[in-house]
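K.L.:
Dumping the structure here so I can ask a few things about it.
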Amino acid sequence: MRAVRIAEKPFIVGLTGGIGSGKSTVADRFGRLGVAIVDTDLIAHQLTAAKGAAMPAIAAAFGDEVITADGSMDREAMRERAFSDPASRQRLERILHPMIRAESDRQCRLADSPYVILAVPLLIESGTYRQRCNRICVVDCRPETQIERVRRRSQLSDERILSIIAAQVDRATRLAAADDVIDNEGGIDRLDQQVAALHERYLAMADTLRGKTDD
């Protein structure tokens, strides 16, 4: 009788893209197809909310000036500090990244779907994405489109938007790391077509992985 070995982790698709590329919209379209979404931005918000697990370390490292009245992290104050002072950004990352990594890994293991979308804005920048993901899917659009989208949804100046884009890996580097690319320059119908095609591909790949773990 053949022994069945349980896979250590599910088939994971790392979803990433520059600011304003439409990662959240793409993740939502996969979610509508029944795919589990593990969103590291959401995890980060939970960790830095009032009574969040990261708040004691953040308060100890940065003081009350980055804490709001309700005990959550003042995101705007921290954003200003992180962008003006690389050492502060690195200190914040040393606090948050291990926590985000641990919680996202936990959620991926517990996900109840054939594969998991792991949405990570700075996935390529992390340097460990190939160790975590079976596939890398990049949501892509022109820089001009990024700027326009961020401008519409936020009160950030063009100068701040450009500084955020400059802090991320460049478009060419992101595309070079991709196994799959979603072109998000068109409308939602075109986006859904691309997501549907990738969904079928990922289902087949996940089935193949499960078959190997059963051998």
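Lettering and numbering for the structure tokens are positional, with chains as A, B, ... in the shown order, residues counted from 1 in each chain, and ligands counted from 1 in the shown order.
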Do a neighbour search on Ala53 of chain A at 10 Å with only C-alpha atoms, toss out local chain neighbours closer than 6 positions, and write the hits as a PyMOL selection string.

P.N.:
chain A and resi 44+46-47+96+99

K.L.:
Could you save the residues just selected, with C-alpha atoms, as a short mmCIF file (atom, residue, chain, number, x, y, z; two decimals), in the first residue's frame?

P.N.:
```cif
data_model
loop_
_atom_site.label_atom_id
_atom_site.label_comp_id
_atom_site.auth_asym_id
_atom_site.auth_seq_id
_atom_site.Cartn_x
_atom_site.Cartn_y
_atom_site.Cartn_z
CA ALA A 44 0.86 44.70 8.38
CA GLN A 46 -3.35 44.30 11.76
CA LEU A 47 0.09 44.19 13.37
CA LEU A 96 7.63 44.08 10.97
CA MET A 99 6.15 39.05 11.97
#
```

K.L.:
List the neighbours of Val120 of chain A out to 9 Å using only C-alpha atoms; skip same-chain residues closer than 4 positions along the sequence, and give me the result as a PyMOL selection string.

P.N.:
chain A and resi 14-17+23+38-41+124

K.L.:
Tell me, in Å to one decimal, how far atom CA of Ser88 of chain A is from atom CA of Arg153 of chain A.

P.N.:
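Separation between atom CA of Ser88 of chain A and atom CA of Arg153 of chain A: 26.5 Å.
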
K.L.:
Give me the residues near Ile188 of chain A as an MDAnalysis selection string, where near means some atom within 10 Å (using only C-alpha atoms) and where sequence neighbours in that chain fewer than 5 positions away do not count.

P.N.:
chainID A and resid 25:26 29 193:194

K.L.:
Any idea what's packed within 12 Å of Ser154 of chain A, counting only C-alpha atoms, ignoring anything in its chain fewer than 6 positions away? Could you give it as a CSV table (one decimal) with C-alpha atoms, in the first residue's frame?

P.N.:
```
chain,number,residue,atom,x,y,z
A,19,ILE,CA,2.4,51.0,-6.5
A,20,GLY,CA,-0.7,51.7,-8.5
A,147,ILE,CA,1.1,57.8,-11.1
A,148,GLU,CA,-2.4,58.6,-12.4
A,160,ARG,CA,5.9,61.7,-3.2
A,161,ILE,CA,4.4,59.2,-5.7
```

K.L.:
Per DSSP on the backbone, what are the alpha helix (DSSP H) residues of segment 45-132 of chain A, as a PyMOL selection string?

P.N.:
chain A and resi 45-47+55-62+75-84+86-110+123-126+129-132

K.L.:
For atom CA of Val35 of chain A and atom CA of Glu200 of chain A, determine how far apart the two atoms are, in Å to one decimal place.

P.N.:
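Computing it gives 11.5 Å between the two atoms.
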
K.L.:
Identify, on the basis of only C-alpha atoms, every residue whose closest approach to Ile12 of chain A does not exceed 12 Å; exclude the query and any residue fewer than 2 positions from it along the same chain; express the result as a PyMOL selection string.

P.N.:
chain A and resi 8-10+14-15+35-38+104-105+107-109+111+113-120+129-137+202-203+205-206+209

K.L.:
Please produce a file of the residues just selected, as a compact mmCIF listing (two decimals), in the first residue's frame, where the atoms kept are N, CA and C atoms.

P.N.:
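As written to disk, selection05.txt reads:
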```
# COMPACT_ATOMS: atom_id res chain seq x y z
N GLU A 8 4.26 19.91 2.50
CA GLU A 8 4.62 20.82 3.57
C GLU A 8 3.95 22.17 3.40
N LYS A 9 3.69 22.59 2.20
CA LYS A 9 3.02 23.86 1.97
C LYS A 9 2.22 23.75 0.67
N PRO A 10 1.21 24.59 0.51
CA PRO A 10 0.41 24.55 -0.71
C PRO A 10 1.16 25.17 -1.88
N GLY A 14 3.09 34.00 -5.85
CA GLY A 14 3.42 35.32 -5.34
C GLY A 14 2.92 36.38 -6.30
N LEU A 15 2.05 37.24 -5.82
CA LEU A 15 1.47 38.31 -6.64
C LEU A 15 2.08 39.64 -6.22
N VAL A 35 -10.12 31.39 -4.81
CA VAL A 35 -8.73 31.22 -4.41
C VAL A 35 -8.49 31.95 -3.09
N ALA A 36 -7.77 31.32 -2.18
CA ALA A 36 -7.42 31.95 -0.91
C ALA A 36 -6.40 33.06 -1.16
N ILE A 37 -6.63 34.22 -0.57
CA ILE A 37 -5.73 35.36 -0.72
C ILE A 37 -5.07 35.64 0.62
N VAL A 38 -3.76 35.65 0.65
CA VAL A 38 -3.00 36.05 1.84
C VAL A 38 -2.34 37.38 1.50
N SER A 104 2.05 35.33 7.43
CA SER A 104 1.66 34.98 6.06
C SER A 104 1.94 33.51 5.78
N ASP A 105 3.04 32.98 6.30
CA ASP A 105 3.32 31.55 6.16
C ASP A 105 2.24 30.72 6.85
N GLN A 107 -0.90 31.57 7.41
CA GLN A 107 -2.14 31.65 6.65
C GLN A 107 -2.08 30.82 5.37
N CYS A 108 -0.92 30.79 4.74
CA CYS A 108 -0.76 29.96 3.54
C CYS A 108 -0.95 28.49 3.87
N ARG A 109 -0.38 28.05 4.98
CA ARG A 109 -0.50 26.64 5.38
C ARG A 109 -1.95 26.26 5.68
N ALA A 111 -4.67 27.70 4.40
CA ALA A 111 -5.59 28.06 3.32
C ALA A 111 -6.29 26.82 2.77
N SER A 113 -7.82 26.05 -0.30
CA SER A 113 -8.06 26.21 -1.74
C SER A 113 -6.93 25.49 -2.47
N PRO A 114 -7.13 25.15 -3.75
CA PRO A 114 -6.11 24.37 -4.48
C PRO A 114 -4.75 25.07 -4.53
N TYR A 115 -4.76 26.38 -4.56
CA TYR A 115 -3.51 27.14 -4.49
C TYR A 115 -3.79 28.45 -3.76
N VAL A 116 -2.73 29.16 -3.43
CA VAL A 116 -2.85 30.39 -2.64
C VAL A 116 -2.22 31.54 -3.40
N ILE A 117 -2.89 32.68 -3.39
CA ILE A 117 -2.29 33.92 -3.87
C ILE A 117 -1.67 34.63 -2.67
N LEU A 118 -0.35 34.79 -2.69
CA LEU A 118 0.37 35.52 -1.65
C LEU A 118 0.70 36.90 -2.21
N ALA A 119 -0.08 37.90 -1.80
CA ALA A 119 0.07 39.25 -2.33
C ALA A 119 1.10 40.02 -1.50
N VAL A 120 2.21 40.37 -2.13
CA VAL A 120 3.31 41.04 -1.43
C VAL A 120 3.81 42.20 -2.30
N TYR A 129 11.96 35.54 -2.49
CA TYR A 129 10.68 35.16 -3.09
C TYR A 129 10.71 33.78 -3.73
N ARG A 130 11.85 33.38 -4.29
CA ARG A 130 11.90 32.06 -4.94
C ARG A 130 11.83 30.93 -3.93
N GLN A 131 12.22 31.21 -2.71
CA GLN A 131 12.14 30.19 -1.66
C GLN A 131 10.71 30.02 -1.16
N ARG A 132 9.88 31.03 -1.36
CA ARG A 132 8.53 31.02 -0.80
C ARG A 132 7.47 30.66 -1.82
N CYS A 133 7.71 30.92 -3.09
CA CYS A 133 6.65 30.85 -4.09
C CYS A 133 6.99 29.85 -5.20
N ASN A 134 5.94 29.17 -5.68
CA ASN A 134 6.09 28.29 -6.83
C ASN A 134 6.08 29.08 -8.13
N ARG A 135 5.32 30.17 -8.16
CA ARG A 135 5.25 31.03 -9.34
C ARG A 135 5.25 32.48 -8.86
N ILE A 136 5.78 33.35 -9.73
CA ILE A 136 5.73 34.79 -9.49
C ILE A 136 4.87 35.41 -10.57
N CYS A 137 3.80 36.09 -10.16
CA CYS A 137 2.91 36.78 -11.09
C CYS A 137 3.03 38.28 -10.85
N TYR A 202 -2.76 27.60 -12.97
CA TYR A 202 -2.32 27.35 -11.60
C TYR A 202 -3.02 26.13 -11.00
N LEU A 203 -4.28 25.92 -11.34
CA LEU A 203 -4.98 24.71 -10.88
C LEU A 203 -4.27 23.46 -11.37
N MET A 205 -1.10 23.19 -12.30
CA MET A 205 0.20 23.08 -11.65
C MET A 205 0.07 22.58 -10.22
N ALA A 206 -0.96 23.06 -9.51
CA ALA A 206 -1.19 22.61 -8.14
C ALA A 206 -1.53 21.13 -8.11
N LEU A 209 1.65 19.19 -8.49
CA LEU A 209 2.43 19.19 -7.24
C LEU A 209 1.84 18.20 -6.25
```
